[in-house]
Structures are given as structure tokens and as C-alpha cells.
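Peer 1: Would you mind keeping the following structure in view while I ask a few things?
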Amino acid sequence: MNKFILASLLLAVAIIAVVPVAFAETVPAELNSCVIKHNLTDSTWTSRGIDCPGVNATCALNSTTQTCATCCLVDKVYTFTDWLFVAIVIFVTIKILQGGYEILTSAGDEKKLTAGRSNILWALAGMAIALFARAIPLAVVGLLR
């Protein structure tokens, strides 16, 4: 049982550590621009004086018409939180499967049945917290409008 929890934890850490490195872009010797991958062109940004290009557009850091440094930073934060949310979903899925396995193999053992239910309950609570955390930036932007 403890080995399975340890293996799940190590798998989650490996995914969180390896996936971003595997898909990371190479940084040029001199960083002059970045590619914006999220939509940062709505009125919540422009009303604060932040002018970003559209999705999949290159933003030159030495631009005099756009605030590209801010756009690039916000875009990277959004990308990081997207990856973090995916890692949480993977971990929650593993914990739900582990809890289901414990329930199925309990064979009437009350401790295993309780442990399986507990795993599923805590996984669902973690997922609810992750969804709530994902909604907080949207709520803040909505309040600032």
C-alpha cells in the first residue's frame, strides 16, 4: 500500500518535472521576442494600457507600440498554470483509480474499503480545489471590469 502511494507520488513529480523540460522551447542567445499563445487582447488588458498581439503572434520585446515584456510574462504564467492543472488532473485520476482498486479488492475488509473511499473522497476534494483555483483568475478579472 505505501509503495503504491510512493510510486504515485514519484510518478506525479516526474511528470511535473519532465514534461515541461521535454516541451520547453530553446532560448536563443539573445532574447528579442516571444510568441503569445493565449488570448491577451480583450478589454481587461487594453484598459490597463497593456497592448498585446493576437494568439500565435510574435511580440518583439523592443516594440514601441506594444507592451511585449508584460504580455510574454503573463503568457508564460498562463502556460505554467495550464501545465500544473494537467498534472493535478493526472494525479487525481491515479488516486481515484487507486481508491477504486482498493474497494474492488477489499473482499469485505473494512480497513481497505474505508481506505479506498477515503482516497476517492480526497481526490475529489483535491479536484474541486484545483477547479476553484483555476476559476480564481477569471473571477478577479470579472471583478476588475
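Going by the C-alpha cells order, chains are called A, B, ..., each with residues numbered from 1, while ligands are numbered from 1 in the order shown.
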So that I can see what lies close to Phe4 of chain A, please list as a VMD selection string the residues with an atom at most 12 Å from it, counting only C-alpha atoms and leaving out residues fewer than 2 positions away in the same chain.
Peer 2: chain A and resid 1 to 2 6 to 11 94 to 95 97 to 99 101 to 102
Peer 1: Could you take the residues named above and write them with N, CA and C atoms, as an mmCIF file, in the first residue's frame?
Peer 2:
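Saved the output as out_7.cif:
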```cif
data_model
loop_
_atom_site.group_PDB
_atom_site.id
_atom_site.type_symbol
_atom_site.label_atom_id
_atom_site.label_comp_id
_atom_site.auth_asym_id
_atom_site.auth_seq_id
_atom_site.Cartn_x
_atom_site.Cartn_y
_atom_site.Cartn_z
ATOM 1 N N MET A 1 0.814 -1.188 0.000
ATOM 2 C CA MET A 1 0.000 0.000 0.000
ATOM 3 C C MET A 1 0.862 1.258 0.000
ATOM 4 N N ASN A 2 1.829 1.343 0.934
ATOM 5 C CA ASN A 2 2.699 2.509 1.000
ATOM 6 C C ASN A 2 3.582 2.629 -0.226
ATOM 7 N N LEU A 6 3.827 5.867 -2.705
ATOM 8 C CA LEU A 6 5.133 6.420 -3.049
ATOM 9 C C LEU A 6 5.344 6.419 -4.560
ATOM 10 N N ALA A 7 4.962 5.336 -5.228
ATOM 11 C CA ALA A 7 5.099 5.268 -6.680
ATOM 12 C C ALA A 7 4.215 6.306 -7.361
ATOM 13 N N SER A 8 3.004 6.517 -6.856
ATOM 14 C CA SER A 8 2.108 7.535 -7.417
ATOM 15 C C SER A 8 2.703 8.927 -7.254
ATOM 16 N N LEU A 9 3.257 9.186 -6.085
ATOM 17 C CA LEU A 9 3.860 10.477 -5.824
ATOM 18 C C LEU A 9 5.077 10.705 -6.712
ATOM 19 N N LEU A 10 5.922 9.698 -6.845
ATOM 20 C CA LEU A 10 7.097 9.818 -7.708
ATOM 21 C C LEU A 10 6.709 10.010 -9.172
ATOM 22 N N LEU A 11 5.654 9.327 -9.611
ATOM 23 C CA LEU A 11 5.176 9.495 -10.977
ATOM 24 C C LEU A 11 4.673 10.914 -11.198
ATOM 25 N N ILE A 94 -5.099 9.121 -10.931
ATOM 26 C CA ILE A 94 -4.366 7.999 -10.343
ATOM 27 C C ILE A 94 -4.928 7.655 -8.964
ATOM 28 N N LYS A 95 -5.214 8.676 -8.154
ATOM 29 C CA LYS A 95 -5.741 8.426 -6.809
ATOM 30 C C LYS A 95 -7.147 7.827 -6.856
ATOM 31 N N LEU A 97 -8.321 5.914 -9.303
ATOM 32 C CA LEU A 97 -8.126 4.517 -9.718
ATOM 33 C C LEU A 97 -7.588 3.677 -8.569
ATOM 34 N N GLN A 98 -6.692 4.258 -7.781
ATOM 35 C CA GLN A 98 -6.160 3.533 -6.626
ATOM 36 C C GLN A 98 -7.271 3.253 -5.625
ATOM 37 N N GLY A 99 -8.119 4.227 -5.351
ATOM 38 C CA GLY A 99 -9.230 4.028 -4.425
ATOM 39 C C GLY A 99 -10.216 2.996 -4.936
ATOM 40 N N TYR A 101 -9.498 0.517 -6.960
ATOM 41 C CA TYR A 101 -8.822 -0.770 -6.849
ATOM 42 C C TYR A 101 -8.907 -1.301 -5.418
ATOM 43 N N GLU A 102 -8.705 -0.422 -4.447
ATOM 44 C CA GLU A 102 -8.782 -0.852 -3.045
ATOM 45 C C GLU A 102 -10.191 -1.312 -2.680
#
```
Peer 1: Hey, what's within 8 Å of Asn32 of chain A if we count only C-alpha atoms and toss same-chain stuff fewer than 3 positions away? As a VMD selection string, please?
Peer 2: chain A and resid 60 to 62
Peer 1: Tell me, in Å to one decimal, how far atom CA of Cys72 of chain A is from atom CA of Lys37 of chain A.
Peer 2: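 Here the two named atoms are 9.2 Å from each other.
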Peer 1: Atom CA of Phe80 of chain A and atom CA of Ala17 of chain A are how many Å apart?
Peer 2: 11.9 Å
Peer 1: Here is a test: counting only C-alpha atoms, which residue of A:Val18, A:Asn56, A:His38, A:Asp109 is nearest to Val77 of chain A?
Peer 2: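 Closest residue, counting only C-alpha atoms: A:His38.
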Peer 1: Please report, as a PyMOL selection string, each residue of segment 27-139 of chain A to which DSSP assigns helix (DSSP H, G or I) when run on this structure's backbone.
Peer 2: chain A and resi 43-46+68-104+110-139
Peer 1: Convert the current residue selection to file output with C-alpha atoms, as a PDB file, in the first residue's frame.
Peer 2:
```pdb
ATOM      1  CA  SER A  43     -10.579  44.864 -22.929  1.00  0.00           C
ATOM      2  CA  THR A  44      -9.397  43.826 -19.453  1.00  0.00           C
ATOM      3  CA  TRP A  45      -5.809  44.119 -20.652  1.00  0.00           C
ATOM      4  CA  THR A  46      -6.118  47.062 -23.022  1.00  0.00           C
ATOM      5  CA  CYS A  68       5.530  42.847 -25.043  1.00  0.00           C
ATOM      6  CA  ALA A  69       7.517  42.138 -21.889  1.00  0.00           C
ATOM      7  CA  THR A  70       4.326  42.139 -19.828  1.00  0.00           C
ATOM      8  CA  CYS A  71       2.478  40.124 -22.472  1.00  0.00           C
ATOM      9  CA  CYS A  72       5.233  37.498 -22.562  1.00  0.00           C
ATOM     10  CA  LEU A  73       5.324  37.213 -18.765  1.00  0.00           C
ATOM     11  CA  VAL A  74       1.544  36.847 -18.451  1.00  0.00           C
ATOM     12  CA  ASP A  75       1.517  34.310 -21.284  1.00  0.00           C
ATOM     13  CA  LYS A  76       4.198  32.213 -19.554  1.00  0.00           C
ATOM     14  CA  VAL A  77       2.280  32.322 -16.255  1.00  0.00           C
ATOM     15  CA  TYR A  78      -0.859  31.121 -18.035  1.00  0.00           C
ATOM     16  CA  THR A  79       1.142  28.325 -19.697  1.00  0.00           C
ATOM     17  CA  PHE A  80       2.619  27.244 -16.341  1.00  0.00           C
ATOM     18  CA  THR A  81      -0.780  27.152 -14.648  1.00  0.00           C
ATOM     19  CA  ASP A  82      -2.191  25.147 -17.557  1.00  0.00           C
ATOM     20  CA  TRP A  83       0.544  22.515 -17.132  1.00  0.00           C
ATOM     21  CA  LEU A  84       0.097  22.486 -13.374  1.00  0.00           C
ATOM     22  CA  PHE A  85      -3.630  21.884 -13.784  1.00  0.00           C
ATOM     23  CA  VAL A  86      -2.927  18.963 -16.140  1.00  0.00           C
ATOM     24  CA  ALA A  87      -0.531  17.450 -13.582  1.00  0.00           C
ATOM     25  CA  ILE A  88      -3.172  17.775 -10.855  1.00  0.00           C
ATOM     26  CA  VAL A  89      -5.789  16.095 -13.058  1.00  0.00           C
ATOM     27  CA  ILE A  90      -3.390  13.207 -13.762  1.00  0.00           C
ATOM     28  CA  PHE A  91      -2.625  12.800 -10.050  1.00  0.00           C
ATOM     29  CA  VAL A  92      -6.336  12.898  -9.145  1.00  0.00           C
ATOM     30  CA  THR A  93      -7.062  10.262 -11.781  1.00  0.00           C
ATOM     31  CA  ILE A  94      -4.366   7.999 -10.343  1.00  0.00           C
ATOM     32  CA  LYS A  95      -5.741   8.426  -6.809  1.00  0.00           C
ATOM     33  CA  ILE A  96      -9.318   7.666  -7.935  1.00  0.00           C
ATOM     34  CA  LEU A  97      -8.126   4.517  -9.718  1.00  0.00           C
ATOM     35  CA  GLN A  98      -6.160   3.533  -6.626  1.00  0.00           C
ATOM     36  CA  GLY A  99      -9.230   4.028  -4.425  1.00  0.00           C
ATOM     37  CA  GLY A 100     -11.390   2.022  -6.825  1.00  0.00           C
ATOM     38  CA  TYR A 101      -8.822  -0.770  -6.849  1.00  0.00           C
ATOM     39  CA  GLU A 102      -8.782  -0.852  -3.045  1.00  0.00           C
ATOM     40  CA  ILE A 103     -12.579  -1.018  -2.916  1.00  0.00           C
ATOM     41  CA  LEU A 104     -12.731  -3.790  -5.521  1.00  0.00           C
ATOM     42  CA  GLU A 110     -13.440  -2.809   6.364  1.00  0.00           C
ATOM     43  CA  LYS A 111      -9.996  -1.119   6.518  1.00  0.00           C
ATOM     44  CA  LYS A 112      -9.407  -1.487   2.762  1.00  0.00           C
ATOM     45  CA  LEU A 113     -12.941  -0.354   1.987  1.00  0.00           C
ATOM     46  CA  THR A 114     -12.541   2.728   4.164  1.00  0.00           C
ATOM     47  CA  ALA A 115      -9.110   3.473   2.679  1.00  0.00           C
ATOM     48  CA  GLY A 116     -10.499   3.226  -0.869  1.00  0.00           C
ATOM     49  CA  ARG A 117     -13.401   5.531  -0.077  1.00  0.00           C
ATOM     50  CA  SER A 118     -11.034   7.941   1.631  1.00  0.00           C
ATOM     51  CA  ASN A 119      -8.721   8.019  -1.419  1.00  0.00           C
ATOM     52  CA  ILE A 120     -11.619   8.777  -3.751  1.00  0.00           C
ATOM     53  CA  LEU A 121     -13.042  11.419  -1.405  1.00  0.00           C
ATOM     54  CA  TRP A 122      -9.716  13.216  -1.001  1.00  0.00           C
ATOM     55  CA  ALA A 123      -9.036  13.011  -4.740  1.00  0.00           C
ATOM     56  CA  LEU A 124     -12.406  14.610  -5.473  1.00  0.00           C
ATOM     57  CA  ALA A 125     -11.740  17.293  -2.861  1.00  0.00           C
ATOM     58  CA  GLY A 126      -8.373  17.990  -4.476  1.00  0.00           C
ATOM     59  CA  MET A 127     -10.004  18.253  -7.878  1.00  0.00           C
ATOM     60  CA  ALA A 128     -12.608  20.670  -6.511  1.00  0.00           C
ATOM     61  CA  ILE A 129      -9.837  22.843  -5.065  1.00  0.00           C
ATOM     62  CA  ALA A 130      -7.944  22.726  -8.384  1.00  0.00           C
ATOM     63  CA  LEU A 131     -11.071  23.785 -10.294  1.00  0.00           C
ATOM     64  CA  PHE A 132     -11.706  26.561  -7.791  1.00  0.00           C
ATOM     65  CA  ALA A 133      -8.088  27.740  -8.095  1.00  0.00           C
ATOM     66  CA  ARG A 134      -8.407  27.706 -11.876  1.00  0.00           C
ATOM     67  CA  ALA A 135     -11.525  29.891 -11.637  1.00  0.00           C
ATOM     68  CA  ILE A 136      -9.978  32.495  -9.317  1.00  0.00           C
ATOM     69  CA  PRO A 137      -8.152  34.463 -12.065  1.00  0.00           C
ATOM     70  CA  LEU A 138     -11.356  34.604 -14.099  1.00  0.00           C
ATOM     71  CA  ALA A 139     -13.287  35.852 -11.071  1.00  0.00           C
TER      72      ALA A 139
END
```
Peer 1: Quote the spacing between atom CA of Ile15 of chain A and atom CA of Asn39 of chain A in Å to one decimal place.
Peer 2: 26.4 Å
